[in-house]
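Containing compact mmCIF, C-alpha atoms: structure11.txt.
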# COMPACT_ATOMS: atom_id res chain seq x y z
CA MET A 255 6.02 10.86 18.32
CA VAL A 256 8.18 12.47 15.66
CA TRP A 257 11.66 11.68 14.47
CA PHE A 258 13.72 12.57 11.41
CA VAL A 259 14.75 10.00 8.88
CA ALA A 260 17.93 11.95 8.13
CA LEU A 261 20.00 14.22 10.32
CA LEU A 262 20.78 17.85 9.57
CA THR A 263 24.38 18.71 10.32
CA ILE A 264 24.85 21.98 12.18
CA GLY A 265 27.57 23.92 10.37
CA SER A 266 29.84 26.71 11.48
CA GLY A 267 27.47 29.50 10.53
CA LEU A 268 29.04 30.17 7.14
CA SER A 269 26.97 32.38 4.84
CA GLY A 270 25.05 33.55 7.91
CA HIS A 271 22.70 30.53 7.94
CA PRO A 272 22.60 28.41 11.13
CA LEU A 273 22.44 25.20 9.09
CA ALA A 274 25.01 26.13 6.47
CA THR A 275 27.54 23.40 5.73
CA ALA A 276 31.30 23.84 5.58
CA SER A 277 31.00 24.62 1.88
CA GLY A 278 28.55 27.40 2.63
CA SER A 279 25.50 25.68 1.12
CA VAL A 280 22.22 25.21 2.98
CA PRO A 281 21.15 21.54 3.30
CA ALA A 282 17.98 20.57 1.48
CA PRO A 283 14.93 19.97 3.69
CA VAL A 284 14.44 16.36 4.71
CA PRO A 285 11.26 14.31 5.02
CA SER A 286 10.03 13.44 8.49
CA VAL A 287 8.31 10.35 9.79
CA GLU A 288 5.59 10.57 12.43
CA THR A 289 3.96 7.74 14.32
CA VAL A 290 0.26 8.23 15.05
CA GLN A 291 -1.15 6.18 17.92
CA PHE A 292 -4.65 5.15 16.90
CA HIS A 293 -7.24 2.84 18.44
CA SER A 294 -9.62 1.19 16.00
CA GLN A 295 -13.22 0.65 16.98
CA PHE A 296 -13.74 -1.84 14.14
CA VAL A 297 -10.80 -4.01 15.23
CA ASN A 298 -11.02 -3.06 18.90
CA ALA A 299 -7.26 -2.77 19.16
CA PRO A 300 -4.49 -0.16 18.92
CA LEU A 301 -3.40 0.18 15.29
CA PRO A 302 -0.60 2.76 15.05
CA TYR A 303 0.48 4.05 11.67
CA ASN A 304 3.53 5.82 10.29
CA VAL A 305 3.30 8.90 8.12
CA ILE A 306 6.03 10.32 5.89
CA LEU A 307 5.57 14.05 5.39
CA PRO A 308 7.15 15.89 2.45
CA PRO A 309 10.17 18.14 3.15
CA THR A 310 8.03 21.20 2.37
CA TYR A 311 5.13 20.22 4.63
CA GLN A 312 6.00 22.47 7.58
CA SER A 313 6.94 25.51 5.50
CA ALA A 314 4.04 25.34 3.04
CA SER A 315 1.34 26.02 5.60
CA THR A 316 -1.63 25.95 3.22
CA THR A 317 -0.55 23.39 0.64
CA ARG A 318 -2.48 20.14 0.47
CA TYR A 319 -0.76 16.93 -0.60
CA PRO A 320 -1.77 13.68 -2.30
CA VAL A 321 -1.55 10.52 -0.20
CA LEU A 322 -0.22 7.04 -0.91
CA TYR A 323 -1.39 4.33 1.49
CA LEU A 324 1.38 1.72 1.60
CA LEU A 325 0.52 -1.70 3.05
CA HIS A 326 2.94 -4.20 4.59
CA GLY A 327 3.09 -7.97 4.09
CA LEU A 328 2.25 -11.08 6.10
CA GLY A 329 4.31 -11.30 9.27
CA GLY A 330 5.15 -7.61 9.01
CA HIS A 331 4.07 -4.42 10.71
CA TYR A 332 3.50 -0.72 10.06
CA SER A 333 7.16 0.13 10.72
CA ASP A 334 8.55 -2.13 8.00
CA TRP A 335 8.51 0.23 5.05
CA ALA A 336 10.22 3.08 6.92
CA THR A 337 12.93 0.88 8.45
CA ARG A 338 13.65 -1.66 5.71
CA THR A 339 13.57 0.56 2.61
CA ASN A 340 14.53 4.09 1.66
CA ILE A 341 10.89 5.04 1.09
CA ALA A 342 11.21 8.39 2.91
CA ASP A 343 13.97 9.57 0.58
CA TYR A 344 12.20 8.26 -2.51
CA ALA A 345 8.88 9.89 -1.59
CA ALA A 346 10.57 13.25 -0.93
CA GLU A 347 11.21 13.59 -4.67
CA TYR A 348 7.49 13.64 -5.38
CA GLY A 349 6.09 15.75 -2.55
CA LEU A 350 3.43 13.37 -1.34
CA ILE A 351 2.34 12.00 2.01
CA VAL A 352 2.91 8.28 2.56
CA VAL A 353 0.79 6.49 5.17
CA MET A 354 1.90 3.04 6.39
CA PRO A 355 -0.83 1.42 8.53
CA GLU A 356 -0.72 -1.56 10.88
CA GLY A 357 -2.48 -4.48 9.26
CA ASN A 358 -1.10 -7.32 11.40
CA ASP A 359 -1.79 -10.62 9.58
CA SER A 360 -5.33 -9.61 8.64
CA TRP A 361 -4.97 -9.79 4.85
CA TYR A 362 -6.74 -6.41 5.03
CA VAL A 363 -10.18 -8.02 4.98
CA ASP A 364 -13.26 -7.97 7.16
CA GLY A 365 -12.79 -11.41 8.64
CA GLY A 366 -15.41 -14.10 8.65
CA GLY A 367 -14.85 -17.51 10.17
CA ALA A 368 -13.93 -17.20 13.84
CA THR A 369 -12.96 -13.54 13.86
CA SER A 370 -14.96 -10.35 13.80
CA ASP A 371 -11.98 -8.08 13.06
CA LYS A 372 -12.88 -5.63 10.32
CA TYR A 373 -9.59 -4.43 8.87
CA GLU A 374 -11.05 -3.48 5.51
CA THR A 375 -13.66 -1.29 7.17
CA TYR A 376 -10.94 0.13 9.42
CA ILE A 377 -8.87 1.25 6.42
CA LEU A 378 -11.81 2.82 4.59
CA LYS A 379 -13.91 4.17 7.44
CA GLU A 380 -11.36 5.00 10.17
CA LEU A 381 -7.83 5.33 8.82
CA ILE A 382 -8.49 7.49 5.76
CA PRO A 383 -10.79 9.91 7.66
CA ASP A 384 -8.24 10.15 10.49
CA VAL A 385 -5.41 10.94 8.07
CA ASP A 386 -7.56 13.56 6.33
CA LYS A 387 -8.37 15.12 9.70
CA ARG A 388 -4.80 15.23 11.01
CA PHE A 389 -2.90 16.23 7.87
CA ARG A 390 -3.32 18.58 4.93
CA THR A 391 -4.35 16.00 2.38
CA ILE A 392 -6.12 16.26 -0.94
CA GLN A 393 -9.44 14.79 0.10
CA ALA A 394 -10.49 13.59 -3.31
CA ARG A 395 -10.03 10.48 -5.43
CA TYR A 396 -7.40 12.03 -7.71
CA GLY A 397 -5.15 12.67 -4.71
CA ARG A 398 -5.33 9.19 -3.17
CA ALA A 399 -3.53 5.93 -4.05
CA VAL A 400 -2.98 2.55 -2.39
CA ALA A 401 -0.13 0.06 -2.82
CA GLY A 402 1.54 -2.78 -0.97
CA LEU A 403 3.76 -5.84 -1.02
CA SER A 404 2.65 -9.49 -0.99
CA MET A 405 -0.32 -9.55 1.43
CA GLY A 406 -0.45 -5.77 1.12
CA GLY A 407 -0.31 -5.96 -2.68
CA TYR A 408 -3.33 -8.23 -2.64
CA GLY A 409 -5.12 -5.80 -0.32
CA ALA A 410 -4.27 -2.78 -2.44
CA VAL A 411 -5.52 -4.28 -5.70
CA LYS A 412 -8.67 -5.57 -4.02
CA TYR A 413 -9.37 -2.08 -2.65
CA GLY A 414 -8.84 -0.59 -6.11
CA LEU A 415 -11.38 -3.03 -7.55
CA LYS A 416 -13.94 -2.58 -4.78
CA TYR A 417 -13.61 1.16 -4.10
CA PRO A 418 -12.89 2.92 -7.40
CA SER A 419 -14.36 6.20 -6.17
CA THR A 420 -11.77 6.28 -3.36
CA PHE A 421 -8.49 5.61 -5.21
CA ALA A 422 -7.03 6.93 -8.45
CA PHE A 423 -4.27 4.32 -8.48
CA ALA A 424 -3.64 0.87 -6.98
CA ALA A 425 -0.37 -1.04 -7.08
CA SER A 426 1.12 -4.33 -5.95
CA MET A 427 4.63 -5.71 -5.60
CA SER A 428 4.80 -9.53 -5.40
CA GLY A 429 1.06 -9.63 -4.75
CA ALA A 430 -0.35 -12.78 -3.12
CA PHE A 431 -3.44 -12.70 -5.31
CA GLY A 432 -4.24 -16.40 -4.90
CA VAL A 433 -4.74 -16.15 -1.15
CA THR A 434 -8.42 -17.13 -1.18
CA ARG A 435 -7.43 -20.46 -2.79
CA TYR A 436 -4.76 -21.36 -0.26
CA THR A 437 -4.82 -24.77 1.39
CA GLN A 438 -3.36 -25.96 4.67
CA ASN A 439 -0.20 -27.15 2.89
CA GLU A 440 0.40 -23.66 1.50
CA MET A 441 -0.24 -21.83 4.78
CA ASP A 442 1.63 -24.27 7.04
CA SER A 443 1.85 -22.82 10.58
CA ASN A 444 -0.36 -19.88 9.57
CA TRP A 445 -3.32 -22.16 8.79
CA GLU A 446 -5.32 -21.64 11.98
CA PRO A 447 -5.09 -17.82 11.90
CA PHE A 448 -5.90 -18.00 8.18
CA LEU A 449 -9.04 -20.06 8.82
CA LYS A 450 -10.20 -17.58 11.45
CA ILE A 451 -10.13 -14.86 8.81
CA PHE A 452 -11.28 -16.58 5.61
CA GLY A 453 -13.06 -19.67 6.84
CA PRO A 454 -12.95 -23.02 5.00
CA PRO A 455 -12.80 -23.44 1.21
CA ASP A 456 -15.91 -22.13 -0.56
CA SER A 457 -16.81 -19.89 2.38
CA GLU A 458 -18.61 -16.65 1.63
CA THR A 459 -15.69 -14.68 3.02
CA ARG A 460 -13.30 -16.28 0.54
CA LYS A 461 -15.64 -15.61 -2.37
CA ALA A 462 -16.20 -12.00 -1.36
CA ASN A 463 -12.46 -11.35 -1.17
CA ASP A 464 -11.30 -13.25 -4.27
CA VAL A 465 -9.80 -10.71 -6.69
CA PHE A 466 -10.40 -13.04 -9.64
CA GLU A 467 -14.10 -13.43 -8.82
CA ILE A 468 -14.44 -9.69 -8.25
CA THR A 469 -12.83 -9.02 -11.64
CA ARG A 470 -14.96 -11.59 -13.47
CA GLY A 471 -18.07 -9.92 -12.09
CA LEU A 472 -17.16 -6.45 -13.38
CA SER A 473 -19.60 -4.87 -15.82
CA VAL A 474 -18.39 -2.70 -18.69
CA SER A 475 -19.71 0.39 -16.94
CA ARG A 476 -17.94 -0.59 -13.71
CA VAL A 477 -14.63 -1.11 -15.53
CA ALA A 478 -14.89 2.45 -16.82
CA THR A 479 -14.78 3.77 -13.24
CA LEU A 480 -11.74 1.80 -12.07
CA PRO A 481 -8.39 3.31 -11.11
CA PHE A 482 -5.22 2.47 -13.02
CA PHE A 483 -3.51 -0.68 -11.73
CA TYR A 484 0.19 -1.50 -11.67
CA PHE A 485 1.61 -4.78 -10.41
CA ASP A 486 4.87 -6.66 -10.72
CA CYS A 487 6.45 -9.90 -9.56
CA GLY A 488 10.02 -11.18 -9.41
CA THR A 489 10.93 -13.94 -11.83
CA GLU A 490 12.58 -15.85 -8.96
CA ASP A 491 9.54 -15.51 -6.69
CA ALA A 492 7.48 -18.53 -5.61
CA GLU A 493 5.60 -20.16 -8.48
CA ARG A 494 2.23 -19.56 -6.81
CA HIS A 495 2.87 -15.81 -6.76
CA VAL A 496 4.17 -15.57 -10.32
CA ASN A 497 1.31 -17.67 -11.71
CA ALA A 498 -1.35 -15.71 -9.82
CA ASN A 499 0.08 -12.40 -11.08
CA ARG A 500 0.10 -13.67 -14.66
CA GLU A 501 -3.45 -14.97 -14.31
CA LEU A 502 -4.72 -11.65 -12.95
CA SER A 503 -3.03 -9.72 -15.74
CA GLN A 504 -4.60 -12.01 -18.34
CA LEU A 505 -8.02 -11.58 -16.74
CA PHE A 506 -7.55 -7.81 -16.61
CA MET A 507 -6.78 -7.84 -20.34
CA GLU A 508 -9.91 -9.85 -21.06
CA LYS A 509 -12.04 -7.43 -19.03
CA LYS A 510 -10.16 -4.41 -20.45
CA VAL A 511 -9.13 -3.22 -16.99
CA PRO A 512 -6.46 -0.49 -17.37
CA HIS A 513 -3.23 -1.86 -15.96
CA GLU A 514 0.46 -2.56 -16.40
CA TYR A 515 2.08 -5.82 -15.32
CA ARG A 516 5.83 -6.45 -15.17
CA GLU A 517 8.00 -9.46 -14.41
CA LEU A 518 11.47 -8.47 -13.31
CA PRO A 519 14.58 -10.17 -11.94
CA GLY A 520 14.21 -10.68 -8.20
CA ASN A 521 12.53 -12.69 -5.47
CA HIS A 522 10.22 -12.21 -2.49
CA SER A 523 12.60 -9.93 -0.60
CA TRP A 524 13.14 -6.42 0.71
CA GLY A 525 15.83 -5.82 -1.89
CA TYR A 526 13.23 -6.32 -4.60
CA TRP A 527 10.59 -4.21 -2.83
CA ASP A 528 13.00 -1.36 -2.14
CA GLN A 529 13.73 -1.27 -5.86
CA GLN A 530 10.15 -1.58 -7.06
CA VAL A 531 8.58 0.90 -4.67
CA GLN A 532 10.48 3.55 -6.62
CA GLU A 533 8.55 2.52 -9.73
CA VAL A 534 5.31 2.59 -7.79
CA LEU A 535 5.99 6.14 -6.60
CA GLN A 536 6.80 7.31 -10.11
CA ILE A 537 3.62 5.86 -11.60
CA ALA A 538 1.53 7.03 -8.63
CA ALA A 539 2.81 10.57 -9.18
CA LYS A 540 1.64 10.44 -12.78
CA GLN A 541 -1.74 8.94 -11.97
CA MET A 542 -2.38 11.45 -9.18
CA ARG A 543 -1.60 14.32 -11.55
CA MET A 544 1.63 15.23 -9.79
CA PRO A 545 4.75 16.59 -11.52
CA ALA A 546 7.36 13.92 -12.14
CA ALA A 547 10.54 13.94 -10.09
CA LYS A 548 13.47 15.78 -11.60
CA GLY A 549 15.26 13.65 -14.16
CA LYS A 550 12.53 11.00 -14.24
As structure tokens - that is how I would like this structure written.
Amino acid sequence: MVWFVALLTIGSGLSGHPLATASGSVPAPVPSVETVQFHSQFVNAPLPYNVILPPTYQSASTTRYPVLYLLHGLGGHYSDWATRTNIADYAAEYGLIVVMPEGNDSWYVDGGGATSDKYETYILKELIPDVDKRFRTIQARYGRAVAGLSMGGYGAVKYGLKYPSTFAFAASMSGAFGVTRYTQNEMDSNWEPFLKIFGPPDSETRKANDVFEITRGLSVSRVATLPFFYFDCGTEDAERHVNANRELSQLFMEKKVPHEYRELPGNHSWGYWDQQVQEVLQIAAKQMRMPAAKGK
């Protein structure tokens, strides 16, 4: 299924071009968004994903493009980024493919507890290979990045820590880094689904997916292989998010993990994420050795 994020206006044929506008100029190419229907064997469920293709994708028949995997938050779905932000227009400036997968409320982990869903394995072993097969991607670390918001920001940073040979850059907006410490009071109505994924406090699944524990266990040689990390949090966000972001940045500094952390005006909202995803794209372009957008 394919649709265009923007519409091309058919002009009057001025200047001899079928798409010429009334002023005689030819409209710039626009990015397109495709929905790929995919069934995961590791989750045993349909997990569709959206893909934003660069404006030049169809005309540049041999060009390969870097890919940014962009993860949604808790309570969200794969369609969120394309419908609630201007990500397609922002990405068009950089000429990269953006993949927005369905993560449901999985926290992008291989669940323990009462679930056998393996969303982390799905991302690494099914989604990325499927994207590389379907589209002209750069199938190397330097051409691959991962980012996300809240739940997705946690997932993205965890993937950067655990799979440094896969990603050149990992980023988070309003990352819920303290998730493995959450109690029933913090999860409220989401407690039962949460327990099915992570199990009770001190479970092995919680320990294995705790970004602080993963970071503390990094050796000097392992740190040298890591991607560059960027994460930010709004100053009006929930205290648990702000504190966890500050704590992770401090731990990264202690372990000498290459990163940049910012606190900016804003809260846990799409207005904030629409703004900050532009920063993520700009830094991703630099880290994936892409030319910066004009004027940036």
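Distances to A:Pro355 were evaluated for A:Met507, A:Leu324, A:Ala401, A:Met542 using only C-alpha atoms, and the minimum falls at A:Leu324.
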Closest atom pairs, stretch 287-322 of chain A residues within 6 Å of stretch 382-399 of chain A, only C-alpha atoms, as a tab-separated table:
residue	atom	partner	partner_atom	distance
A:Arg318	CA	A:Arg390	CA	4.8
A:Tyr319	CA	A:Thr391	CA	4.8
A:Pro320	CA	A:Gly397	CA	4.3
A:Val321	CA	A:Arg398	CA	5.0
A:Leu322	CA	A:Ala399	CA	4.7
Taking (-17.5, -2.2, -16.3) as a centre in this file's frame and 12 Å as the limit, can you find every polymer residue with an atom that close, using all atoms listed in the file, and give them as a PDB file with C-alpha atoms, in the coordinates of the input?
ATOM      1  CA  LEU A 415     -11.380  -3.030  -7.550  1.00  0.00           C
ATOM      2  CA  PRO A 418     -12.890   2.920  -7.400  1.00  0.00           C
ATOM      3  CA  ILE A 468     -14.440  -9.690  -8.250  1.00  0.00           C
ATOM      4  CA  THR A 469     -12.830  -9.020 -11.640  1.00  0.00           C
ATOM      5  CA  ARG A 470     -14.960 -11.590 -13.470  1.00  0.00           C
ATOM      6  CA  GLY A 471     -18.070  -9.920 -12.090  1.00  0.00           C
ATOM      7  CA  LEU A 472     -17.160  -6.450 -13.380  1.00  0.00           C
ATOM      8  CA  SER A 473     -19.600  -4.870 -15.820  1.00  0.00           C
ATOM      9  CA  VAL A 474     -18.390  -2.700 -18.690  1.00  0.00           C
ATOM     10  CA  SER A 475     -19.710   0.390 -16.940  1.00  0.00           C
ATOM     11  CA  ARG A 476     -17.940  -0.590 -13.710  1.00  0.00           C
ATOM     12  CA  VAL A 477     -14.630  -1.110 -15.530  1.00  0.00           C
ATOM     13  CA  ALA A 478     -14.890   2.450 -16.820  1.00  0.00           C
ATOM     14  CA  THR A 479     -14.780   3.770 -13.240  1.00  0.00           C
ATOM     15  CA  LEU A 480     -11.740   1.800 -12.070  1.00  0.00           C
ATOM     16  CA  PRO A 481      -8.390   3.310 -11.110  1.00  0.00           C
ATOM     17  CA  PHE A 506      -7.550  -7.810 -16.610  1.00  0.00           C
ATOM     18  CA  GLU A 508      -9.910  -9.850 -21.060  1.00  0.00           C
ATOM     19  CA  LYS A 509     -12.040  -7.430 -19.030  1.00  0.00           C
ATOM     20  CA  LYS A 510     -10.160  -4.410 -20.450  1.00  0.00           C
ATOM     21  CA  VAL A 511      -9.130  -3.220 -16.990  1.00  0.00           C
ATOM     22  CA  PRO A 512      -6.460  -0.490 -17.370  1.00  0.00           C
TER      23      PRO A 512
END
Could you tell me how far atom CA of A:Met354 lies from atom CA of A:Asn304, in Å and to one decimal?
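Atom-to-atom, atom CA of A:Met354 and atom CA of A:Asn304 are spaced 5.1 Å apart.
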List the neighbours of A:Arg494 out to 10 Å using all atoms listed in the file; skip same-chain residues closer than 4 positions along the sequence, and give me the result as an MDAnalysis selection string.
chainID A and resid 430:433 436 440 498:499
Write a file of the selected residues as a short mmCIF file (atom, residue, chain, number, x, y, z; two decimals), keeping the file's coordinate frame, keeping C-alpha atoms.
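Contents of the output file selection29.cif:
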data_model
loop_
_atom_site.label_atom_id
_atom_site.label_comp_id
_atom_site.auth_asym_id
_atom_site.auth_seq_id
_atom_site.Cartn_x
_atom_site.Cartn_y
_atom_site.Cartn_z
CA ALA A 430 -0.35 -12.78 -3.12
CA PHE A 431 -3.44 -12.70 -5.31
CA GLY A 432 -4.24 -16.40 -4.90
CA VAL A 433 -4.74 -16.15 -1.15
CA TYR A 436 -4.76 -21.36 -0.26
CA GLU A 440 0.40 -23.66 1.50
CA ALA A 498 -1.35 -15.71 -9.82
CA ASN A 499 0.08 -12.40 -11.08
#
So what do you get for atom CA of A:Leu449 versus atom CA of A:Ala424, distance-wise?
26.8 Å
Where does stretch 281-400 of chain A meet stretch 515-532 of chain A within 9 Å, residue by residue, with the nearest atom pair and distance in Å to one decimal for each, counting only C-alpha atoms, listed by chain and rising number, as a tab-separated table?
residue	atom	partner	partner_atom	distance
A:Trp335	CA	A:Asp528	CA	8.6
A:Arg338	CA	A:Trp524	CA	6.9
A:Thr339	CA	A:Asp528	CA	5.2
A:Asn340	CA	A:Asp528	CA	6.8
A:Ile341	CA	A:Val531	CA	7.5
A:Tyr344	CA	A:Gln532	CA	6.5
A:Ala345	CA	A:Gln532	CA	8.2
Using all atoms listed in the file and a cutoff of 12 Å, can you tell me which residues are near (0.2, -17.3, 12.4) in the file's coordinates, and write them out as a list in words?
Leu328, Gly329, Gly330, Asn358, Asp359, Ser360, Trp361, Met441, Asp442, Ser443, Asn444, Trp445, Glu446, Pro447, Phe448, Leu449, Lys450 and Ile451 of chain A
A:Met427 environment, 9 Å, all atoms listed in the file, sequence neighbours closer than 4 positions dropped, as a PDB file with C-alpha atoms, in the coordinates of the input:
ATOM      1  CA  ALA A 401      -0.130   0.060  -2.820  1.00  0.00           C
ATOM      2  CA  GLY A 402       1.540  -2.780  -0.970  1.00  0.00           C
ATOM      3  CA  LEU A 403       3.760  -5.840  -1.020  1.00  0.00           C
ATOM      4  CA  SER A 404       2.650  -9.490  -0.990  1.00  0.00           C
ATOM      5  CA  GLY A 406      -0.450  -5.770   1.120  1.00  0.00           C
ATOM      6  CA  GLY A 407      -0.310  -5.960  -2.680  1.00  0.00           C
ATOM      7  CA  TYR A 408      -3.330  -8.230  -2.640  1.00  0.00           C
ATOM      8  CA  TYR A 484       0.190  -1.500 -11.670  1.00  0.00           C
ATOM      9  CA  PHE A 485       1.610  -4.780 -10.410  1.00  0.00           C
ATOM     10  CA  ASP A 486       4.870  -6.660 -10.720  1.00  0.00           C
ATOM     11  CA  CYS A 487       6.450  -9.900  -9.560  1.00  0.00           C
ATOM     12  CA  GLY A 488      10.020 -11.180  -9.410  1.00  0.00           C
ATOM     13  CA  TYR A 526      13.230  -6.320  -4.600  1.00  0.00           C
ATOM     14  CA  TRP A 527      10.590  -4.210  -2.830  1.00  0.00           C
ATOM     15  CA  GLN A 530      10.150  -1.580  -7.060  1.00  0.00           C
ATOM     16  CA  VAL A 531       8.580   0.900  -4.670  1.00  0.00           C
ATOM     17  CA  VAL A 534       5.310   2.590  -7.790  1.00  0.00           C
TER      18      VAL A 534
END
Would you list the contacts of A:Pro285 as a compact mmCIF listing (two decimals) with C-alpha atoms, in the frame of the given file, taking every protein, DNA or RNA residue within 7 Å and counting all atoms listed in the file, but skipping same-chain residues closer than 3 positions in sequence?
# COMPACT_ATOMS: atom_id res chain seq x y z
CA VAL A 259 14.75 10.00 8.88
CA ILE A 306 6.03 10.32 5.89
CA LEU A 307 5.57 14.05 5.39
CA PRO A 308 7.15 15.89 2.45
CA PRO A 309 10.17 18.14 3.15
CA ALA A 342 11.21 8.39 2.91
CA ALA A 346 10.57 13.25 -0.93
Expressed in Å to a single decimal, how great is the separation between atom CA of A:Ser428 and atom CA of A:Thr337?
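Distance between the two atoms: 19.1 Å.
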May I have the centre and edge lengths, in Å to one decimal, of an axis-aligned box around the listed atoms of stretch 451-459 of chain A with 6 Å added to every side, as lines of an AutoDock Vina configuration file?
center_x = -14.4
center_y = -19.1
center_z = 4.1
size_x = 20.5
size_y = 20.8
size_z = 21.4
